[in-house]
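Below: work00.txt (compact mmCIF, C-alpha atoms and all ligand atoms)
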# COMPACT_ATOMS: atom_id res chain seq x y z
CA MET A 1 -7.61 85.63 21.20
CA THR A 2 -9.46 83.35 23.64
CA LYS A 3 -12.01 80.87 22.29
CA THR A 4 -15.03 80.53 24.55
CA ALA A 5 -17.54 77.76 25.10
CA ASP A 6 -20.14 76.62 27.63
CA PHE A 7 -18.34 73.39 28.37
CA LEU A 8 -14.61 72.87 28.03
CA ILE A 9 -13.55 69.22 28.13
CA ILE A 10 -9.98 68.01 28.61
CA GLY A 11 -9.44 64.52 27.16
CA GLY A 12 -10.44 62.89 23.90
CA GLY A 13 -10.98 59.34 25.14
CA VAL A 14 -14.32 57.65 25.61
CA ALA A 15 -15.00 59.62 28.81
CA GLY A 16 -14.48 63.06 27.30
CA LEU A 17 -16.19 62.26 24.01
CA SER A 18 -19.26 60.65 25.59
CA ALA A 19 -19.57 63.60 27.98
CA GLY A 20 -19.16 66.01 25.07
CA ALA A 21 -21.92 64.31 23.09
CA ALA A 22 -24.29 64.51 26.07
CA LEU A 23 -23.47 68.15 26.89
CA ALA A 24 -23.61 69.32 23.27
CA LYS A 25 -27.42 69.26 23.63
CA HIS A 26 -27.16 72.01 26.25
CA GLY A 27 -24.50 74.38 24.99
CA ARG A 28 -21.31 74.80 23.00
CA VAL A 29 -18.72 72.10 23.66
CA LEU A 30 -15.00 72.55 23.12
CA LEU A 31 -12.91 69.41 23.62
CA LEU A 32 -9.11 69.48 23.83
CA GLU A 33 -7.04 66.34 23.26
CA ALA A 34 -3.27 66.37 23.78
CA GLU A 35 -2.46 63.71 21.19
CA ASP A 36 -2.90 63.97 17.43
CA ALA A 37 -5.49 61.17 17.49
CA LEU A 38 -8.57 60.68 19.64
CA GLY A 39 -8.55 57.51 21.75
CA PHE A 40 -4.75 57.26 21.56
CA HIS A 41 -4.38 56.15 25.19
CA SER A 42 -6.62 53.80 27.20
CA SER A 43 -9.69 54.09 24.97
CA GLY A 44 -7.76 52.77 21.97
CA ARG A 45 -6.09 49.93 23.88
CA SER A 46 -8.93 48.03 25.50
CA ALA A 47 -9.94 44.41 25.06
CA THR A 48 -13.27 45.74 23.70
CA PHE A 49 -15.51 43.48 25.75
CA SER A 50 -18.48 44.09 28.05
CA HIS A 51 -19.15 41.51 30.77
CA PHE A 52 -20.06 41.18 34.43
CA GLY A 53 -16.86 39.44 35.51
CA ILE A 54 -15.28 42.75 36.43
CA GLY A 55 -15.92 45.49 38.98
CA GLY A 56 -18.18 45.64 42.02
CA GLU A 57 -21.92 46.12 42.33
CA THR A 58 -22.00 49.73 41.10
CA VAL A 59 -19.90 49.00 38.03
CA ARG A 60 -22.06 45.99 37.20
CA ALA A 61 -25.19 48.14 37.44
CA LEU A 62 -23.67 50.74 35.08
CA THR A 63 -22.63 47.93 32.73
CA ALA A 64 -26.12 46.44 32.75
CA HIS A 65 -27.72 49.83 32.11
CA SER A 66 -25.38 50.54 29.20
CA ARG A 67 -26.21 47.33 27.33
CA ALA A 68 -29.32 48.78 25.68
CA PHE A 69 -27.27 51.61 24.14
CA PHE A 70 -24.78 49.14 22.66
CA LEU A 71 -27.42 46.74 21.39
CA ASP A 72 -29.75 49.38 19.95
CA PRO A 73 -27.61 52.45 19.26
CA PRO A 74 -29.23 55.85 18.81
CA ASP A 75 -29.29 57.57 15.41
CA GLY A 76 -25.89 58.60 14.15
CA PHE A 77 -24.04 55.60 15.59
CA GLY A 78 -23.11 52.54 13.54
CA ALA A 79 -23.26 49.04 15.01
CA LEU A 80 -21.66 49.28 18.46
CA ALA A 81 -21.56 45.66 19.60
CA ARG A 82 -22.22 42.08 18.70
CA ILE A 83 -23.34 39.40 21.10
CA MET A 84 -20.51 37.01 21.90
CA PRO A 85 -20.54 34.40 24.68
CA ALA A 86 -18.42 34.94 27.77
CA MET A 87 -17.19 31.78 29.47
CA PHE A 88 -15.96 31.91 33.05
CA ILE A 89 -13.71 29.10 34.24
CA ALA A 90 -12.33 27.98 37.58
CA ASN A 91 -9.77 25.68 39.11
CA GLU A 92 -10.49 24.21 42.55
CA ALA A 93 -9.40 27.35 44.40
CA MET A 94 -11.59 29.60 42.25
CA LEU A 95 -14.84 27.62 42.71
CA PRO A 96 -16.43 29.94 45.31
CA ALA A 97 -15.71 32.97 43.09
CA LEU A 98 -17.20 31.16 40.08
CA ALA A 99 -20.40 30.35 41.97
CA GLU A 100 -20.76 33.98 43.11
CA LEU A 101 -20.12 35.35 39.62
CA GLU A 102 -22.65 32.92 38.15
CA ARG A 103 -25.26 34.08 40.66
CA ILE A 104 -24.59 37.75 39.86
CA THR A 105 -24.61 37.27 36.10
CA ARG A 106 -27.82 35.27 36.25
CA THR A 107 -29.48 38.05 38.25
CA LEU A 108 -28.32 40.84 35.96
CA SER A 109 -28.82 39.25 32.58
CA GLY A 110 -30.02 35.63 32.59
CA ALA A 111 -28.78 33.62 29.59
CA VAL A 112 -26.42 31.74 31.90
CA GLU A 113 -25.70 28.03 31.73
CA ARG A 114 -23.35 25.71 33.59
CA VAL A 115 -21.23 23.68 31.18
CA ASP A 116 -19.40 20.42 31.71
CA GLU A 117 -16.29 19.39 29.81
CA THR A 118 -18.23 18.12 26.79
CA SER A 119 -20.54 21.09 26.37
CA ALA A 120 -17.75 23.59 27.15
CA ALA A 121 -15.75 22.07 24.30
CA ARG A 122 -18.46 23.17 21.87
CA PHE A 123 -17.63 26.75 22.81
CA CYS A 124 -13.87 26.36 23.25
CA PRO A 125 -12.24 23.00 22.54
CA ALA A 126 -8.87 24.15 23.86
CA LEU A 127 -9.72 24.26 27.57
CA ARG A 128 -7.54 21.97 29.69
CA TRP A 129 -9.85 20.15 32.05
CA ALA A 130 -7.75 18.80 34.92
CA PRO A 131 -7.68 19.08 38.72
CA ASP A 132 -4.99 21.78 38.53
CA ALA A 133 -6.65 23.63 35.60
CA VAL A 134 -10.32 23.93 34.61
CA VAL A 135 -12.68 22.00 36.89
CA SER A 136 -15.85 24.02 36.35
CA ALA A 137 -17.26 26.67 34.01
CA PHE A 138 -20.36 28.59 33.05
CA VAL A 139 -21.29 30.47 29.91
CA HIS A 140 -23.04 33.83 29.73
CA ARG A 141 -24.41 33.70 26.21
CA GLU A 142 -24.89 37.45 25.99
CA GLY A 143 -21.47 38.98 26.50
CA LEU A 144 -20.85 41.94 24.18
CA ARG A 145 -17.91 42.47 21.84
CA LEU A 146 -17.74 46.23 21.53
CA GLU A 147 -16.78 48.40 18.56
CA PRO A 148 -14.90 51.24 20.28
CA ASN A 149 -14.09 53.02 17.05
CA ALA A 150 -17.75 53.23 16.07
CA LEU A 151 -18.56 54.39 19.60
CA LEU A 152 -15.96 57.17 19.61
CA GLN A 153 -16.84 58.29 16.09
CA GLY A 154 -20.55 58.36 16.94
CA TYR A 155 -19.83 60.68 19.86
CA VAL A 156 -17.60 62.85 17.64
CA ARG A 157 -20.41 63.23 15.10
CA ARG A 158 -22.85 64.26 17.83
CA ILE A 159 -20.51 66.94 19.16
CA LYS A 160 -19.83 68.36 15.72
CA ALA A 161 -23.46 68.20 14.58
CA ALA A 162 -24.39 70.38 17.55
CA GLY A 163 -21.76 72.97 16.62
CA GLY A 164 -19.11 71.77 19.06
CA GLU A 165 -15.40 71.68 18.32
CA ILE A 166 -12.73 69.05 18.92
CA VAL A 167 -9.10 70.12 18.85
CA THR A 168 -6.39 67.43 18.73
CA GLY A 169 -2.69 68.09 19.35
CA ALA A 170 -3.84 70.51 22.06
CA ARG A 171 -2.10 69.61 25.33
CA VAL A 172 -3.37 71.75 28.17
CA ALA A 173 -0.37 73.31 29.94
CA SER A 174 -1.97 75.73 32.40
CA ILE A 175 -5.39 76.34 33.90
CA GLY A 176 -6.48 79.61 35.48
CA PRO A 177 -9.59 80.49 37.48
CA ARG A 178 -13.15 80.08 36.07
CA TRP A 179 -11.71 78.30 33.71
CA GLN A 180 -9.07 79.81 31.50
CA VAL A 181 -7.06 77.12 29.82
CA ARG A 182 -3.86 77.50 27.80
CA THR A 183 -2.32 74.81 25.62
CA GLU A 184 1.40 74.11 25.09
CA ALA A 185 1.04 75.85 21.72
CA GLY A 186 -0.14 79.01 23.51
CA VAL A 187 -3.80 78.89 22.45
CA SER A 188 -6.32 80.04 25.08
CA TYR A 189 -9.81 78.74 25.81
CA GLU A 190 -12.36 79.67 28.44
CA ALA A 191 -15.61 78.23 29.80
CA PRO A 192 -17.57 78.33 33.07
CA VAL A 193 -17.59 74.53 33.25
CA LEU A 194 -14.37 72.54 32.88
CA VAL A 195 -14.74 68.75 32.52
CA ASN A 196 -11.63 66.87 33.58
CA ALA A 197 -11.69 63.68 31.49
CA ALA A 198 -7.93 63.30 31.24
CA GLY A 199 -7.78 59.59 32.14
CA ALA A 200 -4.47 58.69 33.82
CA TRP A 201 -3.61 62.42 33.86
CA ALA A 202 -6.79 63.54 35.64
CA ASP A 203 -5.09 64.19 39.00
CA ARG A 204 -2.36 66.20 37.24
CA VAL A 205 -4.97 68.28 35.44
CA ALA A 206 -6.70 68.93 38.77
CA THR A 207 -3.43 70.01 40.37
CA MET A 208 -2.82 72.35 37.43
CA ALA A 209 -6.23 73.89 38.14
CA GLY A 210 -5.56 74.25 41.88
CA VAL A 211 -8.13 71.53 42.65
CA ARG A 212 -7.43 68.84 45.24
CA PRO A 213 -6.50 65.57 43.45
CA LEU A 214 -8.51 62.41 44.11
CA GLY A 215 -5.53 60.08 44.53
CA LEU A 216 -6.21 58.20 41.28
CA THR A 217 -4.00 55.20 40.52
CA PRO A 218 -3.02 54.30 36.94
CA LEU A 219 -2.41 50.54 36.63
CA ARG A 220 -0.81 49.07 33.51
CA ARG A 221 -2.41 46.09 31.77
CA THR A 222 -0.78 43.87 29.13
CA ILE A 223 -2.24 42.03 26.14
CA ILE A 224 -0.44 39.58 23.84
CA GLY A 225 -1.55 38.29 20.45
CA PHE A 226 -0.64 34.88 19.04
CA ASP A 227 -1.60 32.55 16.22
CA ALA A 228 -4.49 30.13 16.56
CA PRO A 229 -3.61 26.41 16.29
CA PRO A 230 -3.09 25.33 12.65
CA ALA A 231 -6.29 24.74 10.67
CA THR A 232 -8.44 25.89 13.59
CA ASP A 233 -11.10 28.51 13.08
CA VAL A 234 -11.27 30.36 16.40
CA ARG A 235 -13.56 33.17 15.25
CA ASP A 236 -16.59 31.79 17.13
CA TRP A 237 -14.73 31.04 20.36
CA PRO A 238 -15.98 32.95 23.39
CA PHE A 239 -14.29 35.47 25.65
CA VAL A 240 -12.83 33.17 28.34
CA LYS A 241 -11.88 34.47 31.78
CA THR A 242 -10.91 32.85 35.05
CA ALA A 243 -13.39 33.52 37.85
CA VAL A 244 -10.75 35.51 39.71
CA ASP A 245 -8.32 37.87 37.99
CA HIS A 246 -5.66 35.55 36.54
CA LEU A 247 -6.17 35.15 32.78
CA TYR A 248 -8.48 36.03 29.93
CA PHE A 249 -8.27 35.20 26.25
CA MET A 250 -10.48 35.52 23.20
CA PRO A 251 -10.43 35.47 19.41
CA ASP A 252 -9.35 38.60 17.61
CA ALA A 253 -9.29 38.90 13.81
CA GLY A 254 -8.60 35.17 13.30
CA ARG A 255 -5.91 35.06 15.98
CA LEU A 256 -6.06 34.96 19.77
CA ILE A 257 -5.31 37.61 22.36
CA ALA A 258 -4.65 37.00 26.05
CA SER A 259 -3.99 39.01 29.18
CA PRO A 260 -2.53 37.97 32.54
CA VAL A 261 -4.97 40.51 34.05
CA ASP A 262 -1.94 42.35 35.42
CA GLU A 263 -2.17 45.56 37.42
CA ASN A 264 1.18 47.32 37.76
CA ARG A 265 1.33 50.84 39.10
CA ASP A 266 2.63 53.27 36.51
CA ASP A 267 2.96 56.98 35.94
CA PRO A 268 0.67 58.53 33.32
CA CYS A 269 2.49 57.72 30.05
CA ASP A 270 2.35 56.01 26.68
CA ALA A 271 2.24 52.59 28.38
CA GLN A 272 4.25 49.75 26.85
CA PRO A 273 4.10 46.00 27.55
CA ASP A 274 7.04 44.49 29.45
CA GLU A 275 8.67 41.11 28.82
CA TYR A 276 7.72 39.74 32.21
CA ASN A 277 3.96 40.26 31.87
CA MET A 278 3.98 39.00 28.29
CA ALA A 279 5.68 35.81 29.51
CA VAL A 280 3.16 35.47 32.36
CA ALA A 281 0.30 35.80 29.87
CA ALA A 282 1.77 33.04 27.68
CA HIS A 283 2.38 30.80 30.71
CA ARG A 284 -1.19 31.19 31.99
CA VAL A 285 -2.61 30.35 28.57
CA THR A 286 -0.73 27.04 28.68
CA GLU A 287 -1.80 26.53 32.32
CA PHE A 288 -5.53 26.60 31.46
CA THR A 289 -5.60 25.48 27.82
CA THR A 290 -3.95 23.08 25.40
CA LEU A 291 -2.90 26.04 23.24
CA GLU A 292 0.72 26.71 22.40
CA VAL A 293 1.87 30.30 22.37
CA GLY A 294 4.57 30.69 19.73
CA ARG A 295 5.79 34.11 18.73
CA PHE A 296 3.76 37.11 19.79
CA THR A 297 2.02 38.39 16.67
CA HIS A 298 1.23 41.65 18.44
CA LYS A 299 1.23 43.09 21.93
CA TRP A 300 0.20 46.22 23.71
CA ALA A 301 -0.39 47.75 27.11
CA GLY A 302 -2.53 50.54 28.45
CA LEU A 303 -3.39 52.24 31.71
CA ARG A 304 -6.53 51.52 33.70
CA THR A 305 -6.98 54.33 36.20
CA PHE A 306 -8.84 53.76 39.46
CA ALA A 307 -10.24 55.78 42.32
CA ALA A 308 -9.70 54.27 45.78
CA ASP A 309 -13.04 52.41 45.74
CA ARG A 310 -12.69 51.37 42.08
CA VAL A 311 -15.95 53.11 41.14
CA PRO A 312 -15.86 55.74 38.37
CA VAL A 313 -16.11 59.35 39.50
CA ALA A 314 -18.41 61.99 38.00
CA GLY A 315 -19.44 65.25 39.58
CA PHE A 316 -18.45 68.77 40.46
CA ALA A 317 -15.39 69.11 42.70
CA PRO A 318 -16.47 70.04 46.23
CA ASP A 319 -13.59 72.55 46.39
CA ALA A 320 -13.86 74.34 43.02
CA GLN A 321 -16.98 75.75 41.38
CA GLY A 322 -17.45 74.63 37.79
CA PHE A 323 -14.69 72.00 37.88
CA PHE A 324 -16.27 68.67 36.93
CA TRP A 325 -14.51 65.35 37.55
CA LEU A 326 -14.98 62.51 35.07
CA ALA A 327 -12.29 60.00 35.95
CA GLY A 328 -11.43 56.61 37.42
CA GLN A 329 -13.11 54.51 34.69
CA GLY A 330 -10.68 51.70 35.51
CA GLY A 331 -11.09 48.62 33.35
CA TYR A 332 -14.68 49.35 32.38
CA GLY A 333 -14.70 52.79 30.76
CA LEU A 334 -16.17 51.55 27.48
CA GLN A 335 -18.80 49.21 28.84
CA THR A 336 -20.06 51.85 31.30
CA ALA A 337 -19.74 54.92 29.03
CA PRO A 338 -23.43 55.24 28.03
CA ALA A 339 -24.57 55.18 31.68
CA MET A 340 -21.80 57.55 32.75
CA ALA A 341 -22.71 60.02 29.98
CA GLU A 342 -26.30 60.12 31.28
CA ILE A 343 -24.95 60.84 34.76
CA VAL A 344 -22.68 63.62 33.47
CA GLU A 345 -25.54 65.28 31.62
CA ALA A 346 -27.76 65.24 34.72
CA LEU A 347 -25.11 66.46 37.15
CA VAL A 348 -23.81 69.24 34.90
CA THR A 349 -27.24 70.55 33.96
CA GLY A 350 -28.76 70.04 37.42
CA SER A 351 -31.52 67.69 36.28
CA ALA A 352 -32.71 64.59 38.14
CA PHE A 353 -30.13 61.87 38.66
CA PRO A 354 -30.86 59.17 36.06
CA ASP A 355 -32.05 55.69 36.93
CA VAL A 356 -28.85 53.85 36.05
CA GLY A 357 -28.78 51.42 38.95
CA ALA A 358 -26.23 53.50 40.89
CA THR A 359 -26.80 56.35 43.32
CA ARG A 360 -25.45 59.86 43.19
CA SER A 361 -23.46 59.34 46.39
CA GLN A 362 -21.74 56.29 44.87
CA ILE A 363 -20.52 58.33 41.89
CA GLU A 364 -19.83 61.90 43.02
CA PRO A 365 -16.31 62.92 44.08
CA ASN A 366 -17.41 64.27 47.45
CA ARG A 367 -17.59 60.64 48.64
CA PHE A 368 -13.82 61.01 49.20
CA SER A 369 -14.02 64.36 50.98
CA SER A 370 -13.50 63.02 54.48
CA SER A 371 -10.62 60.68 53.63
CA PRO A 372 -7.02 61.80 53.19
CA ARG A 373 -5.77 62.09 49.62
CA THR A 374 -2.29 61.68 48.25
C1 LIG B 1 -5.44 46.60 28.19
C2 LIG B 1 -6.77 47.23 28.54
C3 LIG B 1 -7.94 46.50 28.35
C4 LIG B 1 -9.18 47.08 28.63
N1 LIG B 1 -10.31 46.38 28.32
C5 LIG B 1 -11.53 46.97 28.50
C6 LIG B 1 -12.71 46.29 28.09
O1 LIG B 1 -12.66 45.18 27.56
N2 LIG B 1 -13.91 46.91 28.31
C7 LIG B 1 -13.99 48.16 28.87
O2 LIG B 1 -15.08 48.69 29.03
N3 LIG B 1 -12.87 48.83 29.23
C8 LIG B 1 -11.65 48.27 29.06
N4 LIG B 1 -10.52 48.94 29.42
C9 LIG B 1 -10.65 50.22 30.13
C10 LIG B 1 -10.96 51.36 29.20
O3 LIG B 1 -10.09 51.33 28.09
C11 LIG B 1 -10.79 52.69 30.00
O4 LIG B 1 -11.59 52.64 31.17
C12 LIG B 1 -11.21 53.89 29.19
O5 LIG B 1 -10.62 53.88 27.93
C13 LIG B 1 -10.85 55.18 29.92
O6 LIG B 1 -11.22 56.24 29.09
P1 LIG B 1 -10.75 57.73 29.38
O7 LIG B 1 -11.39 58.57 28.36
O8 LIG B 1 -10.97 58.03 30.81
O9 LIG B 1 -9.15 57.69 29.22
P2 LIG B 1 -8.26 57.87 27.92
O10 LIG B 1 -8.77 57.07 26.78
O11 LIG B 1 -6.86 57.58 28.34
O12 LIG B 1 -8.43 59.40 27.54
C14 LIG B 1 -7.86 60.44 28.30
C15 LIG B 1 -7.29 61.43 27.33
O13 LIG B 1 -6.91 62.61 28.01
C16 LIG B 1 -5.85 63.18 27.28
N5 LIG B 1 -5.11 64.14 28.10
C17 LIG B 1 -4.43 63.89 29.23
N6 LIG B 1 -3.85 65.04 29.69
C18 LIG B 1 -4.20 66.01 28.82
C19 LIG B 1 -3.90 67.40 28.73
N7 LIG B 1 -3.11 68.01 29.65
N8 LIG B 1 -4.42 68.11 27.71
C20 LIG B 1 -5.22 67.52 26.79
N9 LIG B 1 -5.52 66.20 26.81
C21 LIG B 1 -5.01 65.45 27.81
C22 LIG B 1 -4.99 61.96 26.93
O14 LIG B 1 -4.11 62.23 25.86
C23 LIG B 1 -6.04 60.91 26.64
O15 LIG B 1 -6.30 60.78 25.25
C24 LIG B 1 -9.26 48.40 29.14
C25 LIG B 1 -8.10 49.13 29.33
C26 LIG B 1 -6.86 48.57 29.03
C27 LIG B 1 -5.62 49.39 29.19

Please lay out the structure from this file as structure tokens.
Amino acid sequence: MTKTADFLIIGGGVAGLSAGAALAKHGRVLLLEAEDALGFHSSGRSATFSHFGIGGETVRALTAHSRAFFLDPPDGFGALARIMPAMFIANEAMLPALAELERITRTLSGAVERVDETSAARFCPALRWAPDAVVSAFVHREGLRLEPNALLQGYVRRIKAAGGEIVTGARVASIGPRWQVRTEAGVSYEAPVLVNAAGAWADRVATMAGVRPLGLTPLRRTIIGFDAPPATDVRDWPFVKTAVDHLYFMPDAGRLIASPVDENRDDPCDAQPDEYNMAVAAHRVTEFTTLEVGRFTHKWAGLRTFAADRVPVAGFAPDAQGFFWLAGQGGYGLQTAPAMAEIVEALVTGSAFPDVGATRSQIEPNRFSSSPRT
């Protein structure tokens, strides 16, 4: 027997769930997730922070637009974020990037202040101020520490409350025309609209459906955890990131986590951290701080999947009616999810493109139509 719906969504990460919650207002949603748990891949492995030190202009606009949703969540969501300062630091070579990021952050959010060594120490006393380490910094007082679990569960509740269904352990194995989908377990589903929110697997899902892939690139990112210095309460330390992609670190449940901001090409998989990138993370912590990284208390890796222009993709495939792309969320899929869900709802239902600070042509997949794809 084939189960039918108005919208069939492949992928139970933040992309698929946020899309499902938005579309559940317009018809019956059926969401299929390959793993036994929602958010098992990228959405459960993020650093859980929203800031402007990542992505280009479009991503920053989507991030800015999404802040209101996180700060004042709609009914049915618990607390989704707490304000936590973000400090951006630079060595000599990074000074131009720091100045540009400060200008951008000030424009988008305000609440920005330059800090010297003394005032920076009130936020994070462990910075190593030296000509070859930190020489300048600014603080954005209104960074957001996100609660991804509350976000995903809020979307789940919305889908279910509207009569939608979420099936885990349902790996899609084949896709036929208009859109008949069969899982590895042999269960069939059908809907006129198929939303491809399969994260690192999105190109593979498209190929399965006979749709031209976008040439998405999954890049692995590593995070290490380590103990705070003895007798030091790090809970109020900020998120600290170099002005260019080199290092970030922040407090996490009384300990510290750090990333070398690595981007290593990988196949879609259950990504694991490698020794080299863990060692690089530890080295860079000691390069920019007085902290010592002893044993790793925990570590993980995940895939950040990008389109060629590093802007998320949402929209119907130009070459397949009813096939909707929702992919390429890169390293900002959580912090842009509320804006992206508004875009999905508008594009699927044919209503006016929302005022999210980005244009339709920046987001839709047909922006790649004239360029060759791999
Ligand atoms: C280390 C790290 C740090 C990050 N930090 C941040 C951060 O601080 N802030 C931020 O906003 N973002 C961050 N990100 C990025 C963010 O996590 C991603 O952009 C986001 O999670 C992508 O969501 P997604 O739903 O597209 O992908 P996923 O969460 O990977 O979901 C895709 C789902 O599709 C399923 N799927 C695939 N194929 C099939 C199939 N055939 N059948 C059924 N299901 C299938 C997969 O099992 C998977 O669960 C970070 C990412 C990493 C790895």

*Would you list the residues that come within 6 Å of ligand LIG 1 (chain B)? Count all atoms listed in the file and give the answer as a ChimeraX atom specification.*
/A:10-16,32-35,39-43,45-50,170-173,197-199,201,221-223,301-304,327,329-335

Rows by chain and residue number, segment 251-332 of chain A within 8 Å of segment 209-214 of chain A, shortest pair, all atoms listed in the file, as a tab-separated table:
residue	atom	partner	partner_atom	distance
A:Ala307	CA	A:Leu214	CA	7.1
A:Ala317	CA	A:Val211	CA	7.7
A:Asp319	CA	A:Val211	CA	6.7
A:Ala320	CA	A:Val211	CA	6.4

*asked:* Need to verify the contact set: Ala339 of chain A, 12 Å, only C-alpha atoms, exclusion of same-chain residues closer than 6 positions in sequence. Can you return it as a VMD selection string?
replied: chain A and resid 15 18 to 19 22 58 to 70 312 314 329 332 to 333 345 to 346 353 to 359 363

*When distances are computed from only C-alpha atoms, which of A:Arg128, A:Arg158, A:Arg141, A:Arg204 shows the smallest separation from Trp237 of chain A?*
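Closest residue, counting only C-alpha atoms: A:Arg141.
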
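The nearest approach to Arg182 of chain A among the residues A:Thr2, A:Thr118, A:Asn366, A:Thr349, with all atoms listed in the file taken into account, belongs to A:Thr2.
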
Residues around (5.4, 34.2, 19.4), cut-off 10 Å, counting all atoms listed in the file - what are they as a PDB file with C-alpha atoms, in the frame of the given file?
ATOM      1  CA  ILE A 224      -0.440  39.580  23.840  1.00  0.00           C
ATOM      2  CA  GLY A 225      -1.550  38.290  20.450  1.00  0.00           C
ATOM      3  CA  PHE A 226      -0.640  34.880  19.040  1.00  0.00           C
ATOM      4  CA  ASP A 227      -1.600  32.550  16.220  1.00  0.00           C
ATOM      5  CA  ALA A 282       1.770  33.040  27.680  1.00  0.00           C
ATOM      6  CA  GLU A 292       0.720  26.710  22.400  1.00  0.00           C
ATOM      7  CA  VAL A 293       1.870  30.300  22.370  1.00  0.00           C
ATOM      8  CA  GLY A 294       4.570  30.690  19.730  1.00  0.00           C
ATOM      9  CA  ARG A 295       5.790  34.110  18.730  1.00  0.00           C
ATOM     10  CA  PHE A 296       3.760  37.110  19.790  1.00  0.00           C
ATOM     11  CA  THR A 297       2.020  38.390  16.670  1.00  0.00           C
ATOM     12  CA  HIS A 298       1.230  41.650  18.440  1.00  0.00           C
TER      13      HIS A 298
END

Using all atoms listed in the file, I'd like a table of the residues in segment 227-281 of chain A that come within 9 Å of segment 92-115 of chain A; for each, show the closest atom pair and its distance in Å rounded to one decimal, ordered by chain and ascending number, as a Markdown table.
| residue | atom | partner | partner_atom | distance |
| --- | --- | --- | --- | --- |
| A:Thr242 | CA | A:Met94 | CA | 7.9 |
| A:Ala243 | CA | A:Leu98 | CA | 5.0 |
| A:Val244 | CA | A:Met94 | CA | 6.5 |

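Of the residues listed (A:Pro365, A:Gly164, A:Pro74, A:Pro338), A:Pro365 shows the shortest atom-to-atom separation from Leu326 of chain A; distances use all atoms listed in the file.
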
*Quick one: residues within 10 Å of Gln321 of chain A, all atoms listed in the file counted, chain neighbours fewer than 5 positions away excluded, as a PyMOL selection string?*
chain A and resi 177-179+192-194+211+316

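Taking all atoms listed in the file, the non-local environment of Ser136 of chain A within 6 Å (same-chain residues fewer than 2 positions away omitted) comprises Ile89, Ala90 and Val134 of chain A.
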
Output as lines of an AutoDock Vina configuration file the centre and edge lengths (Å, one decimal) of the box along x, y and z of the file that holds every listed atom of segment 252-271 of chain A after adding 8 Å on each side.
center_x = -3.2
center_y = 46.7
center_z = 26.2
size_x = 28.3
size_y = 39.6
size_z = 41.8

*Nearest to Val29 of chain A: which of A:Met1, A:Ala79, A:Gly163, A:Gly154 is it, counting all atoms listed in the file?*
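Among the listed residues, the smallest separation from Val29 of chain A belongs to A:Gly163.
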
*Work out how far apart atom CA of Pro148 of chain A and atom CA of Ala253 of chain A are and give it in Å to one decimal.*
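Computing the Euclidean distance for atom CA of Pro148 of chain A and atom CA of Ala253 of chain A yields 15.0 Å.
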
*asked:* For a test of reading the model, state the distance in Å between atom CA of Arg235 of chain A and atom CA of Ala258 of chain A, rounded to one decimal.
replied: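 We find that atom CA of Arg235 of chain A and atom CA of Ala258 of chain A lie 14.5 Å from each other.
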